[in-house]
Every structure is written in structure tokens, then in C-alpha cells.
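A.B. asks: For reference, this is coords26.pdb, and it has PDB, C-alpha atoms, pLDDT in the B column.
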ATOM      1  CA  MET A  19     -26.590 -71.862  53.742  1.00 64.00           C
ATOM      2  CA  PHE A  20     -29.315 -71.824  56.391  1.00 65.00           C
ATOM      3  CA  ALA A  21     -31.468 -74.183  54.329  1.00 67.00           C
ATOM      4  CA  THR A  22     -28.534 -76.538  53.753  1.00 65.00           C
ATOM      5  CA  PHE A  23     -27.903 -76.855  57.475  1.00 66.00           C
ATOM      6  CA  ASP A  24     -31.629 -77.045  58.308  1.00 65.00           C
ATOM      7  CA  ALA A  25     -31.760 -73.811  60.263  1.00 67.00           C
ATOM      8  CA  PRO A  26     -35.268 -72.911  61.384  1.00 67.00           C
ATOM      9  CA  SER A  27     -36.959 -69.801  60.101  1.00 69.00           C
ATOM     10  CA  ARG A  28     -36.594 -66.845  62.403  1.00 68.00           C
ATOM     11  CA  GLU A  29     -40.335 -66.194  62.393  1.00 71.00           C
ATOM     12  CA  LEU A  30     -41.029 -68.631  65.244  1.00 69.00           C
ATOM     13  CA  CYS A  31     -39.037 -69.656  68.276  1.00 70.00           C
ATOM     14  CA  GLN A  32     -37.820 -73.227  68.147  1.00 67.00           C
ATOM     15  CA  GLN A  33     -36.331 -74.768  71.284  1.00 71.00           C
ATOM     16  CA  ARG A  34     -34.615 -77.713  69.665  1.00 68.00           C
ATOM     17  CA  ARG A  35     -33.310 -78.418  66.190  1.00 64.00           C
ATOM     18  CA  LEU A  36     -33.415 -81.908  64.782  1.00 66.00           C
ATOM     19  CA  PRO A  37     -29.998 -83.269  63.832  1.00 66.00           C
ATOM     20  CA  SER A  38     -29.404 -83.883  60.169  1.00 68.00           C
ATOM     21  CA  ASN A  39     -26.551 -84.907  57.939  1.00 69.00           C
ATOM     22  CA  THR A  40     -26.853 -84.507  54.181  1.00 71.00           C
ATOM     23  CA  PRO A  41     -24.387 -84.625  51.290  1.00 74.00           C
ATOM     24  CA  LEU A  42     -25.077 -80.940  50.627  1.00 73.00           C
ATOM     25  CA  GLN A  43     -23.712 -80.089  54.067  1.00 73.00           C
ATOM     26  CA  ALA A  44     -20.437 -81.885  53.344  1.00 74.00           C
ATOM     27  CA  LEU A  45     -20.163 -80.238  49.921  1.00 76.00           C
ATOM     28  CA  THR A  46     -20.763 -76.821  51.460  1.00 75.00           C
ATOM     29  CA  LEU A  47     -18.126 -77.399  54.131  1.00 73.00           C
ATOM     30  CA  LEU A  48     -15.597 -78.542  51.511  1.00 75.00           C
ATOM     31  CA  ASN A  49     -16.280 -76.026  48.734  1.00 76.00           C
ATOM     32  CA  ASP A  50     -17.810 -72.836  50.103  1.00 77.00           C
ATOM     33  CA  THR A  51     -15.458 -69.832  50.150  1.00 80.00           C
ATOM     34  CA  VAL A  52     -16.342 -68.994  53.745  1.00 81.00           C
ATOM     35  CA  PHE A  53     -15.381 -72.452  54.996  1.00 82.00           C
ATOM     36  CA  ASP A  54     -12.225 -72.423  52.883  1.00 87.00           C
ATOM     37  CA  GLU A  55     -11.179 -69.214  54.634  1.00 91.00           C
ATOM     38  CA  CYS A  56     -12.081 -70.758  57.994  1.00 89.00           C
ATOM     39  CA  ALA A  57      -9.951 -73.823  57.203  1.00 91.00           C
ATOM     40  CA  ARG A  58      -6.993 -71.618  56.235  1.00 93.00           C
ATOM     41  CA  SER A  59      -7.368 -69.649  59.454  1.00 95.00           C
ATOM     42  CA  LEU A  60      -7.557 -72.829  61.530  1.00 95.00           C
ATOM     43  CA  ALA A  61      -4.492 -74.183  59.718  1.00 96.00           C
ATOM     44  CA  GLN A  62      -2.592 -71.016  60.638  1.00 96.00           C
ATOM     45  CA  ARG A  63      -3.640 -71.384  64.287  1.00 96.00           C
ATOM     46  CA  MET A  64      -2.563 -75.027  64.215  1.00 96.00           C
ATOM     47  CA  ALA A  65       0.826 -74.112  62.727  1.00 96.00           C
ATOM     48  CA  ASN A  66       1.372 -71.403  65.344  1.00 96.00           C
ATOM     49  CA  SER A  67       0.383 -73.663  68.236  1.00 96.00           C
ATOM     50  CA  SER A  68       3.484 -75.894  68.138  1.00 95.00           C
ATOM     51  CA  ASP A  69       6.474 -77.035  66.115  1.00 94.00           C
ATOM     52  CA  GLN A  70       5.409 -80.690  66.429  1.00 96.00           C
ATOM     53  CA  LEU A  71       2.926 -82.038  63.862  1.00 96.00           C
ATOM     54  CA  ALA A  72       1.166 -84.322  66.361  1.00 96.00           C
ATOM     55  CA  GLU A  73       0.545 -81.383  68.687  1.00 97.00           C
ATOM     56  CA  GLN A  74      -0.703 -79.226  65.793  1.00 97.00           C
ATOM     57  CA  LEU A  75      -3.151 -81.922  64.704  1.00 97.00           C
ATOM     58  CA  ALA A  76      -4.324 -82.547  68.265  1.00 97.00           C
ATOM     59  CA  TYR A  77      -4.861 -78.804  68.729  1.00 97.00           C
ATOM     60  CA  GLY A  78      -6.923 -78.557  65.543  1.00 96.00           C
ATOM     61  CA  TYR A  79      -8.994 -81.572  66.561  1.00 96.00           C
ATOM     62  CA  TRP A  80      -9.609 -80.060  69.980  1.00 96.00           C
ATOM     63  CA  ILE A  81     -10.557 -76.665  68.518  1.00 94.00           C
ATOM     64  CA  THR A  82     -13.114 -78.173  66.122  1.00 93.00           C
ATOM     65  CA  THR A  83     -14.627 -80.881  68.342  1.00 93.00           C
ATOM     66  CA  SER A  84     -13.898 -79.816  71.951  1.00 92.00           C
ATOM     67  CA  GLN A  85     -12.501 -83.315  72.429  1.00 92.00           C
ATOM     68  CA  HIS A  86      -9.023 -84.744  72.616  1.00 95.00           C
ATOM     69  CA  PRO A  87      -8.297 -86.965  69.612  1.00 95.00           C
ATOM     70  CA  SER A  88      -8.012 -90.701  70.015  1.00 95.00           C
ATOM     71  CA  GLN A  89      -4.758 -92.310  68.955  1.00 96.00           C
ATOM     72  CA  GLU A  90      -6.557 -93.708  65.895  1.00 96.00           C
ATOM     73  CA  ALA A  91      -7.891 -90.279  64.854  1.00 95.00           C
ATOM     74  CA  LEU A  92      -4.477 -88.708  65.320  1.00 96.00           C
ATOM     75  CA  SER A  93      -2.899 -91.478  63.248  1.00 96.00           C
ATOM     76  CA  GLU A  94      -5.399 -90.964  60.405  1.00 96.00           C
ATOM     77  CA  LEU A  95      -4.830 -87.207  60.385  1.00 96.00           C
ATOM     78  CA  THR A  96      -1.068 -87.749  60.359  1.00 96.00           C
ATOM     79  CA  GLN A  97      -1.379 -90.172  57.434  1.00 96.00           C
ATOM     80  CA  LEU A  98      -3.487 -87.641  55.514  1.00 95.00           C
ATOM     81  CA  TYR A  99      -0.952 -84.884  56.174  1.00 96.00           C
ATOM     82  CA  ASP A 100       1.965 -87.127  55.153  1.00 95.00           C
ATOM     83  CA  ARG A 101       0.161 -88.221  51.973  1.00 94.00           C
ATOM     84  CA  LEU A 102      -0.472 -84.616  50.999  1.00 93.00           C
ATOM     85  CA  ARG A 103       3.119 -83.600  51.687  1.00 93.00           C
ATOM     86  CA  ASN A 104       4.812 -86.584  50.031  1.00 92.00           C
ATOM     87  CA  ARG A 105       2.547 -87.760  47.231  1.00 88.00           C
ATOM     88  CA  GLU A 106       0.802 -84.536  46.310  1.00 84.00           C
ATOM     89  CA  LYS A 107       3.856 -82.346  47.017  1.00 87.00           C
ATOM     90  CA  SER A 108       1.705 -79.850  48.924  1.00 86.00           C
ATOM     91  CA  SER A 109       3.267 -77.195  51.083  1.00 91.00           C
ATOM     92  CA  ALA A 110       2.982 -77.612  54.842  1.00 91.00           C
ATOM     93  CA  GLU A 111       0.500 -74.739  54.957  1.00 92.00           C
ATOM     94  CA  ASP A 112      -1.710 -76.222  52.218  1.00 92.00           C
ATOM     95  CA  ALA A 113      -1.590 -79.684  53.801  1.00 93.00           C
ATOM     96  CA  LEU A 114      -2.689 -78.278  57.161  1.00 95.00           C
ATOM     97  CA  GLY A 115      -5.460 -76.388  55.345  1.00 93.00           C
ATOM     98  CA  VAL A 116      -6.795 -79.643  53.890  1.00 92.00           C
ATOM     99  CA  VAL A 117      -6.580 -81.320  57.292  1.00 95.00           C
ATOM    100  CA  ALA A 118      -8.481 -78.392  58.821  1.00 94.00           C
ATOM    101  CA  SER A 119     -11.166 -78.747  56.154  1.00 91.00           C
ATOM    102  CA  VAL A 120     -11.474 -82.441  56.991  1.00 91.00           C
ATOM    103  CA  LEU A 121     -11.768 -81.556  60.675  1.00 94.00           C
ATOM    104  CA  PHE A 122     -14.697 -79.248  59.904  1.00 87.00           C
ATOM    105  CA  ASN A 123     -16.460 -82.198  58.235  1.00 84.00           C
ATOM    106  CA  LEU A 124     -16.291 -84.480  61.275  1.00 86.00           C
ATOM    107  CA  ASP A 125     -19.663 -85.288  62.808  1.00 80.00           C
ATOM    108  CA  ALA A 126     -18.321 -84.174  66.172  1.00 82.00           C
ATOM    109  CA  ALA A 127     -17.461 -80.767  64.722  1.00 79.00           C
ATOM    110  CA  LEU A 128     -20.825 -80.015  63.136  1.00 71.00           C
ATOM    111  CA  THR A 129     -23.275 -78.029  65.221  1.00 60.00           C
ATOM    112  CA  LYS A 130     -26.637 -79.556  64.457  1.00 44.00           C
TER     113      LYS A 130
END
Could you spell out this file's structure in C-alpha cells?
C.D. replies:
Amino acid sequence: MFATFDAPSRELCQQRRLPSNTPLQALTLLNDTVFDECARSLAQRMANSSDQLAEQLAYGYWITTSQHPSQEALSELTQLYDRLRNREKSSAEDALGVVASVLFNLDAALTK
């Protein structure tokens, strides 16, 4: 995982890491067991934060990016959640888990 996210070796001190964004990073964030568990945990926190979907999504966005979501971002997340619930017949918990996984893949969420 360190190689995928371009972590420096621990043999030498490095003051600054160069930002990178590769397809392997996105695949790791979407498919690795550790990140799946993290997404499920974030989804649970989002569900417990409020009874309103918009507030849950805004909370998850804030947790992952340290930013408040724009109206456009909130609208896209709501559309994703609704699509999962209606078309895919996912449970609310599973739909929030997918949304949380998407949140982890945002550029603003990645620590580079």
C-alpha cells in the first residue's frame, strides 16, 4: 500500500512528498478490505449523525475533506444515494457505504 500511495522509504527523512494520483490508488481505495471497513464505519457515523439524508451526506463530506460540501456536490451525492436505493434496491446502510467509499476517492480527501 505504501508503494501505491508513493510513500517514501523510512530510511531517509523527507520533508515534502510529491502529490500523485494514479489508477492504482483509486482501485485500492475502492477494493481493499481495509478501506471497505473504513467506508462501512464512516457510513455508520453518517447514519448516526442525523435523521436527514442531506445532513448525513454533508457530515460525511466534512469528515473526509474538512470542507463543507457545495450545493452541487451535495446534489451529486444525493443522486448517487437515490440511484442506489431505488434502482439497485440497496439498503440504506449499503447505499451510505458506497457513498462513503466515493467520498474517500475524492481528490480533496486523499492525503498526498
A.B. asks: So the first atom is CA of Gln89 (chain A) and the second is CA of Glu111 (chain A); what is the distance between them in Å, to one decimal place?
C.D. replies: 23.1 Å
A.B. asks: Write out as a ChimeraX atom specification the residues lying within 8 Å of Leu47 (chain A), counting all atoms listed in the file and excluding same-chain residues fewer than 3 positions away.
C.D. replies: /A:43-44,50,53-54,119,122-123
A.B. asks: Distance CA of Ala61 (chain A)-CA of Ser93 (chain A), one decimal place?
C.D. replies: 17.7 Å
A.B. asks: Quick one: everything within 9 Å of Asp112 (chain A), counting all atoms listed in the file, minus sequence neighbours fewer than 3 positions away in the same chain. Send it as a list in words.
C.D. replies: Arg58, Ala61, Leu102, Arg103, Ser108, Ser109, Gly115, Val116 and Val117 of chain A
A.B. asks: How far is it from CA of Glu90 (chain A) to CA of Ser59 (chain A), in Å with one decimal?
C.D. replies: 24.9 Å
A.B. asks: List as a list in words the protein and nucleic acid residues near region 67-80 of chain A, meaning an atom at most 10 Å away when only C-alpha atoms are counted, but skip any in the same chain fewer than 6 places from it.
C.D. replies: Leu60, Ala61, His86, Pro87, Ser88, Gln89, Ala91, Leu92, Ser93, Leu95, Thr96, Tyr99, Leu114, Val117, Ala118, Val120, Leu121, Phe122, Leu124, Ala126 and Ala127 of chain A
